[in-house]
$ cat upload_23.txt   # compact mmCIF, C-alpha atoms
# COMPACT_ATOMS: atom_id res chain seq x y z
CA MET A 1181 -44.18 37.85 -10.39
CA PRO A 1182 -43.15 34.17 -10.50
CA PRO A 1183 -40.48 33.06 -7.99
CA GLU A 1184 -36.93 32.79 -9.31
CA PRO A 1185 -35.89 29.23 -10.16
CA ASP A 1186 -33.36 27.55 -7.88
CA PRO A 1187 -29.76 27.98 -9.05
CA PRO A 1188 -28.32 24.87 -10.73
CA ARG A 1189 -26.61 22.43 -8.40
CA SER A 1190 -23.40 20.50 -8.96
CA ARG A 1191 -24.14 16.93 -9.97
CA LEU A 1192 -21.14 15.76 -7.94
CA THR A 1193 -21.70 17.50 -4.62
CA GLY A 1194 -25.31 18.70 -4.87
CA ARG A 1195 -24.25 22.22 -3.92
CA THR A 1196 -24.98 25.45 -5.80
CA GLN A 1197 -22.12 27.47 -7.25
CA ALA A 1198 -22.35 29.99 -4.39
CA GLU A 1199 -22.23 27.17 -1.83
CA GLU A 1200 -19.22 25.63 -3.60
CA GLN A 1201 -17.39 28.97 -3.41
CA THR A 1202 -18.21 29.31 0.28
CA VAL A 1203 -16.90 25.82 1.03
CA ALA A 1204 -13.77 26.41 -1.04
CA GLY A 1205 -13.18 29.75 0.67
CA ARG A 1206 -13.62 28.22 4.10
CA ALA A 1207 -11.26 25.43 3.15
CA GLN A 1208 -8.66 27.92 1.99
CA GLN A 1209 -8.92 29.91 5.23
CA THR A 1210 -8.47 26.87 7.45
CA GLY A 1211 -5.92 25.06 5.24
CA ALA A 1212 -8.41 22.24 4.78
CA ARG A 1213 -8.30 20.00 1.76
CA GLU A 1214 -11.08 18.10 0.08
CA PHE A 1215 -10.49 14.93 -1.91
CA GLY A 1216 -12.56 13.80 -4.82
CA SER A 1217 -12.14 10.09 -4.25
CA VAL A 1218 -10.81 7.56 -1.79
CA GLU A 1219 -7.93 6.78 -4.14
CA GLU A 1220 -6.94 10.44 -4.25
CA LEU A 1221 -6.95 10.50 -0.47
CA PHE A 1222 -4.62 7.49 -0.27
CA ARG A 1223 -2.28 8.97 -2.87
CA ALA A 1224 -1.98 12.19 -0.89
CA ASP A 1225 -1.24 10.13 2.21
CA ARG A 1226 1.35 8.02 0.40
CA ALA A 1227 3.05 11.14 -0.93
CA GLN A 1228 3.86 12.22 2.60
CA VAL A 1229 5.03 8.80 3.80
CA ALA A 1230 8.58 7.70 2.99
CA PRO A 1231 10.40 4.60 4.17
CA PRO A 1232 12.97 5.33 6.89
CA PRO A 1233 16.27 6.41 5.29
CA HIS A 1234 18.25 3.73 7.13
CA LEU A 1235 16.06 0.94 5.73
CA GLU A 1236 17.98 0.66 2.48
CA HIS A 1237 21.23 0.25 4.40
CA ARG A 1238 19.56 -2.36 6.60
CA VAL A 1239 18.35 -4.30 3.56
CA ARG A 1240 21.79 -4.17 1.93
CA ALA A 1241 23.46 -5.35 5.15
CA SER A 1242 21.07 -8.30 5.30
CA LEU A 1243 21.65 -9.15 1.65
CA ALA A 1244 25.39 -9.19 2.25
CA GLN A 1245 24.87 -11.88 4.89
CA GLU A 1246 22.73 -14.07 2.65
CA PRO A 1247 24.37 -17.40 1.80
CA PRO A 1248 25.80 -17.41 -1.71
CA ARG A 1249 23.53 -18.74 -4.38
CA GLN A 1250 24.68 -21.91 -6.06
CA PRO A 1251 24.52 -22.29 -9.82
CA TRP A 1252 21.55 -24.26 -11.15
CA TRP A 1253 23.67 -27.23 -12.27
CA ARG A 1254 25.07 -27.72 -8.78
CA ARG A 1255 21.59 -27.66 -7.23
CA TRP A 1256 20.48 -30.11 -9.92
CA LEU A 1257 23.38 -32.51 -9.25
CA ARG A 1258 22.57 -32.62 -5.53
CA ARG A 1259 19.04 -33.91 -6.14
CA MET B 1256 40.59 -19.10 8.09
CA ASN B 1257 40.26 -15.57 6.91
CA SER B 1258 37.51 -14.47 4.57
CA THR B 1259 39.87 -13.71 1.67
CA ALA B 1260 41.12 -17.28 1.67
CA ALA B 1261 37.59 -18.60 1.91
CA THR B 1262 36.54 -16.55 -1.10
CA ALA B 1263 39.60 -17.62 -3.04
CA THR B 1264 38.86 -21.35 -2.60
CA ARG B 1265 35.20 -20.91 -3.49
CA PRO B 1266 34.14 -21.40 -7.11
CA PRO B 1267 33.41 -18.09 -8.81
CA GLU B 1268 29.71 -18.89 -9.21
CA GLU B 1269 29.34 -19.13 -5.44
CA ALA B 1270 31.02 -15.87 -4.63
CA ALA B 1271 29.18 -12.65 -3.93
CA PRO B 1272 26.28 -11.90 -6.26
CA PRO B 1273 27.35 -10.50 -9.61
CA ALA B 1274 27.50 -6.76 -9.95
CA TRP B 1275 24.59 -6.64 -12.42
CA ALA B 1276 22.33 -8.40 -9.93
CA ASP B 1277 23.37 -6.01 -7.19
CA ALA B 1278 22.77 -2.97 -9.39
CA ALA B 1279 19.48 -4.28 -10.73
CA PHE B 1280 18.24 -5.04 -7.26
CA GLY B 1281 19.30 -1.58 -6.10
CA ALA B 1282 17.22 -0.10 -8.91
CA LEU B 1283 14.29 -2.32 -7.91
CA TYR B 1284 14.51 -1.06 -4.34
CA ALA B 1285 14.73 2.57 -5.43
CA ALA B 1286 11.73 2.24 -7.73
CA HIS B 1287 9.37 0.40 -5.40
CA ALA B 1288 10.44 0.79 -1.76
CA ARG B 1289 8.10 3.71 -1.06
CA GLU B 1290 5.01 1.90 -2.32
CA VAL B 1291 5.90 -1.38 -0.61
CA TYR B 1292 6.55 0.43 2.67
CA TYR B 1293 3.26 2.33 2.38
CA LEU B 1294 1.32 -0.87 1.73
CA CYS B 1295 2.95 -2.55 4.74
CA LEU B 1296 2.39 0.53 6.91
CA ARG B 1297 -1.32 0.77 6.21
CA LEU B 1298 -1.87 -2.99 6.42
CA LEU B 1299 0.00 -3.34 9.70
CA GLY B 1300 -0.70 0.08 11.16
CA ASP B 1301 2.66 0.52 12.82
CA PRO B 1302 5.81 2.20 11.38
CA ALA B 1303 8.27 -0.11 13.15
CA ARG B 1304 6.45 -3.23 12.00
CA ALA B 1305 6.13 -1.79 8.50
CA GLU B 1306 9.88 -1.23 8.42
CA ASP B 1307 10.56 -4.81 9.48
CA ALA B 1308 8.03 -6.11 6.96
CA THR B 1309 9.50 -4.04 4.10
CA HIS B 1310 12.95 -5.34 5.00
CA ASP B 1311 11.65 -8.91 4.91
CA VAL B 1312 9.83 -8.34 1.62
CA PHE B 1313 12.99 -7.19 -0.12
CA LEU B 1314 15.00 -9.99 1.43
CA ARG B 1315 12.49 -12.52 0.07
CA ALA B 1316 12.50 -10.72 -3.24
CA TRP B 1317 16.27 -11.03 -3.36
CA ARG B 1318 16.07 -14.77 -2.75
CA GLY B 1319 13.65 -15.09 -5.66
CA PHE B 1320 15.30 -12.46 -7.82
CA ALA B 1321 17.20 -14.93 -9.98
CA ALA B 1322 13.95 -16.76 -10.76
CA PHE B 1323 12.06 -13.53 -11.45
CA ARG B 1324 11.85 -13.41 -15.23
CA GLY B 1325 9.69 -10.36 -15.51
CA GLU B 1326 6.52 -12.17 -16.62
CA ALA B 1327 4.80 -10.33 -13.80
CA ARG B 1328 5.56 -6.67 -13.44
CA ALA B 1329 8.02 -5.96 -10.67
CA ARG B 1330 5.49 -3.91 -8.68
CA THR B 1331 2.90 -6.70 -8.81
CA TRP B 1332 5.52 -9.28 -7.86
CA LEU B 1333 6.66 -7.24 -4.84
CA TYR B 1334 3.08 -6.54 -3.79
CA ARG B 1335 2.32 -10.25 -3.84
CA ILE B 1336 5.23 -10.92 -1.49
CA ALA B 1337 4.19 -7.99 0.72
CA LEU B 1338 0.53 -9.02 0.88
CA ASN B 1339 1.37 -12.60 1.83
CA HIS B 1340 3.88 -11.48 4.42
CA CYS B 1341 1.52 -8.92 6.00
CA ARG B 1342 -1.35 -11.42 6.02
CA ASN B 1343 0.84 -13.91 7.90
CA LEU B 1344 1.95 -11.27 10.38
CA ARG B 1345 -1.58 -10.07 11.00
CA GLN B 1346 -2.85 -13.59 11.49
CA ARG B 1347 -0.14 -14.12 14.03
CA TRP B 1348 -0.55 -11.10 16.25
CA TYR B 1349 -3.03 -8.51 15.13
CA ASP B 1350 -6.25 -10.23 14.22
CA ARG B 1351 -6.58 -11.59 17.75
CA ALA B 1352 -7.23 -8.09 19.00
CA ARG B 1353 -9.15 -6.77 15.99
CA LEU B 1354 -12.62 -5.34 16.16
CA PRO B 1355 -15.35 -7.80 15.20
CA HIS B 1356 -16.48 -7.74 11.60
CA VAL B 1357 -19.26 -5.22 10.97
CA GLU B 1358 -22.06 -5.95 8.51
CA ASP B 1359 -22.03 -3.94 5.28
CA GLY B 1360 -25.38 -2.32 6.09
CA PHE B 1361 -23.76 -0.53 9.00
CA TRP B 1362 -21.75 1.61 6.63
CA THR B 1363 -24.65 2.83 4.51
CA GLU B 1364 -25.70 5.38 7.11
CA GLN B 1365 -23.58 8.38 6.41
CA ALA B 1366 -23.56 11.81 7.87
CA GLY B 1367 -24.58 14.61 5.49
CA GLY B 1368 -23.07 18.07 5.30
CA ASP B 1369 -19.51 18.67 4.14
CA SER B 1370 -17.67 16.19 1.99
CA PRO B 1371 -16.75 13.19 4.13
CA LEU B 1372 -13.31 13.19 2.50
CA ARG B 1373 -12.44 16.64 3.77
CA VAL B 1374 -9.49 17.01 6.09
CA LEU B 1375 -8.57 20.10 8.05
CA GLU B 1376 -4.89 19.35 8.35
CA ILE B 1377 -2.91 17.27 5.88
CA LYS B 1378 -0.72 16.03 8.72
CA GLU B 1379 -3.72 14.42 10.39
CA LEU B 1380 -4.46 12.48 7.21
CA GLY B 1381 -2.36 9.42 7.98
CA GLN B 1382 -3.78 8.91 11.45
CA ARG B 1383 -7.36 9.25 10.23
CA ILE B 1384 -6.80 6.91 7.30
CA GLN B 1385 -5.27 4.33 9.59
CA ARG B 1386 -8.10 4.56 12.11
CA ALA B 1387 -10.66 4.18 9.33
CA LEU B 1388 -8.80 1.30 7.67
CA ASP B 1389 -8.47 -0.57 10.96
CA THR B 1390 -12.25 -0.84 11.20
CA LEU B 1391 -12.64 -2.41 7.74
CA PRO B 1392 -12.49 -6.08 6.80
CA ALA B 1393 -9.01 -7.13 5.65
CA GLU B 1394 -10.19 -7.71 2.08
CA TYR B 1395 -11.53 -4.17 1.77
CA ARG B 1396 -8.31 -2.73 3.17
CA GLU B 1397 -6.19 -4.62 0.68
CA LEU B 1398 -8.32 -3.72 -2.34
CA LEU B 1399 -8.46 -0.03 -1.49
CA LEU B 1400 -4.71 0.15 -1.04
CA LEU B 1401 -3.97 -1.80 -4.21
CA VAL B 1402 -6.17 0.24 -6.55
CA ALA B 1403 -4.88 3.49 -5.06
CA ASP B 1404 -1.60 2.66 -6.81
CA GLU B 1405 -1.81 4.21 -10.27
CA GLN B 1406 0.55 1.56 -11.64
CA LEU B 1407 -1.78 -1.28 -10.74
CA SER B 1408 -4.70 -2.23 -12.97
CA TYR B 1409 -7.93 -3.80 -11.74
CA GLN B 1410 -6.73 -6.98 -13.40
CA ALA B 1411 -3.53 -6.91 -11.34
CA ALA B 1412 -5.52 -6.27 -8.16
CA ALA B 1413 -7.76 -9.21 -9.09
CA ASP B 1414 -4.73 -11.46 -9.66
CA LEU B 1415 -3.17 -10.41 -6.37
CA THR B 1416 -6.33 -11.14 -4.41
CA ASP B 1417 -7.26 -14.31 -6.35
CA GLN B 1418 -10.61 -13.20 -7.70
CA THR B 1419 -12.19 -11.94 -10.90
CA VAL B 1420 -12.14 -8.33 -12.05
CA ASP B 1421 -15.93 -8.16 -11.69
CA ALA B 1422 -15.68 -9.31 -8.09
CA VAL B 1423 -13.03 -6.67 -7.47
CA ARG B 1424 -15.27 -3.94 -8.90
CA GLY B 1425 -18.21 -4.99 -6.75
CA LYS B 1426 -16.17 -5.24 -3.58
CA LEU B 1427 -14.42 -1.96 -4.28
CA HIS B 1428 -17.74 -0.21 -4.52
CA ARG B 1429 -18.67 -1.47 -1.05
CA ALA B 1430 -15.17 -0.90 0.28
CA ARG B 1431 -15.18 2.75 -0.78
CA ARG B 1432 -18.53 3.37 0.87
CA ALA B 1433 -17.38 1.62 4.01
CA PHE B 1434 -14.17 3.61 4.08
CA VAL B 1435 -15.88 6.96 3.51
CA ALA B 1436 -18.28 6.28 6.38
CA ALA B 1437 -15.48 5.15 8.67
CA PHE B 1438 -13.31 8.10 7.67
CA ALA B 1439 -16.12 10.56 8.44
CA GLN B 1440 -16.37 9.12 11.92
CA THR B 1441 -12.69 9.80 12.61
CA ALA B 1442 -13.14 13.58 12.24
$ encode --input "upload_23.txt" --output "structure tokens"
Amino acid sequence: MPPEPDPPRSRLTGRTQAEEQTVAGRAQQTGAREFGSVEELFRADRAQVAPPPHLEHRVRASLAQEPPRQPWWRRWLRR
Amino acid sequence: MNSTAATATRPPEEAAPPAWADAAFGALYAAHAREVYYLCLRLLGDPARAEDATHDVFLRAWRGFAAFRGEARARTWLYRIALNHCRNLRQRWYDRARLPHVEDGFWTEQAGGDSPLRVLEIKELGQRIQRALDTLPAEYRELLLLVADEQLSYQAAADLTDQTVDAVRGKLHRARRAFVAAFAQTA
């Protein structure tokens, strides 16, 4: 009797379907997460990073202290 | 002299910025602050410095806001300010202590086994990304962070880093491999 052919492997990961299920199951048990690309990894990271809430207030306070902008004709006359 | 009197004697054009500018700038901040802060955070590697840098970026943006005509998209415009500011900051204090540049060949040796982009805890993600990014050349760091933004095209990334789209593609390929190898080593 000829030996059974190897099960097809994923072109992306090189794993068989059974191996994929094992990895996914292990990941689910441990709360692990697998990312398909570097960009996806960065996006997940960015989603959990927010600027500090007081930053907007800080920016607005700084803007309020900025010297008033002169109209273009006044800047032009001073040349 | 009190401030009311000072405002009263000042021509109207020199008074506080018009309400439309204030509102438009508020909308600009709301739409882009998260991405600008994230870019600064991962380029500088420190939350306090990223906060200062984001503050400075929006202050500079405000100063140029009247001249901003929208030829460039707002995100690209803000990223350009942020990149230049972070590059200056890094040149000043961070690059002195940085690891020496590693040849590209170093990164081609990768460990097999599980996916190198697998993380056990999502909360550890930021620390691992930062550690991996810190080992990469500055150009790779910038390109990876720029193209991770869905709103930014390769063309925009090329414009922001002063190179052609083809050059960006080639460097991104190497940058991704370098990052994956560095990230695997942070596990």
$ atom_distance --input "upload_23.txt" --atom1 "CA of Phe1215 in chain A" --atom2 "CA of Leu1372 in chain B"
5.5 Å
$ interface_residues --input "upload_23.txt" --of "chain A" --to "chain B" --cutoff "6 Å" --atoms "only C-alpha atoms" --output "list of chain:residue names"
A:Ala1212, A:Arg1213, A:Glu1214, A:Phe1215, A:Glu1219, A:Asp1225, A:Ala1230, A:Pro1231, A:Val1239, A:Pro1248, A:Arg1249, A:Gln1250
$ residues_around --input "upload_23.txt" --residues "range 1415-1418 of chain B" --least-positions-apart "2" --cutoff "9 Å" --atoms "only C-alpha atoms" --output "list in words"
Thr1331, Trp1332, Tyr1334, Arg1335, Leu1338, Glu1394, Glu1397, Leu1398, Leu1401, Gln1410, Ala1411, Ala1412, Ala1413, Val1420, Asp1421, Ala1422 and Val1423 of chain B
$ write_last_selection --input "upload_23.txt" --atoms "C-alpha atoms" --output "mmCIF file, in the frame of the given file"
data_model
loop_
_atom_site.group_PDB
_atom_site.id
_atom_site.type_symbol
_atom_site.label_atom_id
_atom_site.label_comp_id
_atom_site.auth_asym_id
_atom_site.auth_seq_id
_atom_site.Cartn_x
_atom_site.Cartn_y
_atom_site.Cartn_z
ATOM 1 C CA THR B 1331 2.900 -6.700 -8.810
ATOM 2 C CA TRP B 1332 5.520 -9.280 -7.860
ATOM 3 C CA TYR B 1334 3.080 -6.540 -3.790
ATOM 4 C CA ARG B 1335 2.320 -10.250 -3.840
ATOM 5 C CA LEU B 1338 0.530 -9.020 0.880
ATOM 6 C CA GLU B 1394 -10.190 -7.710 2.080
ATOM 7 C CA GLU B 1397 -6.190 -4.620 0.680
ATOM 8 C CA LEU B 1398 -8.320 -3.720 -2.340
ATOM 9 C CA LEU B 1401 -3.970 -1.800 -4.210
ATOM 10 C CA GLN B 1410 -6.730 -6.980 -13.400
ATOM 11 C CA ALA B 1411 -3.530 -6.910 -11.340
ATOM 12 C CA ALA B 1412 -5.520 -6.270 -8.160
ATOM 13 C CA ALA B 1413 -7.760 -9.210 -9.090
ATOM 14 C CA VAL B 1420 -12.140 -8.330 -12.050
ATOM 15 C CA ASP B 1421 -15.930 -8.160 -11.690
ATOM 16 C CA ALA B 1422 -15.680 -9.310 -8.090
ATOM 17 C CA VAL B 1423 -13.030 -6.670 -7.470
#
$ atom_distance --input "upload_23.txt" --atom1 "CA of Leu1391 in chain B" --atom2 "CA of Gln1228 in chain A"
22.6 Å
$ atom_distance --input "upload_23.txt" --atom1 "CA of Tyr1409 in chain B" --atom2 "CA of His1428 in chain B"
12.7 Å
$ closest_residue --input "upload_23.txt" --among "B:Leu1407, B:Leu1344, B:Leu1427, B:Ala1308" --to "Ala1329 in chain B" --atoms "all atoms listed in the file"
B:Leu1407
$ residues_near_point --input "upload_23.txt" --point "(11.7, -5.1, -13.0)" --cutoff "9 Å" --atoms "all atoms listed in the file" --output "PyMOL selection string"
chain B and resi 1279-1280+1282-1283+1323-1325+1327-1330
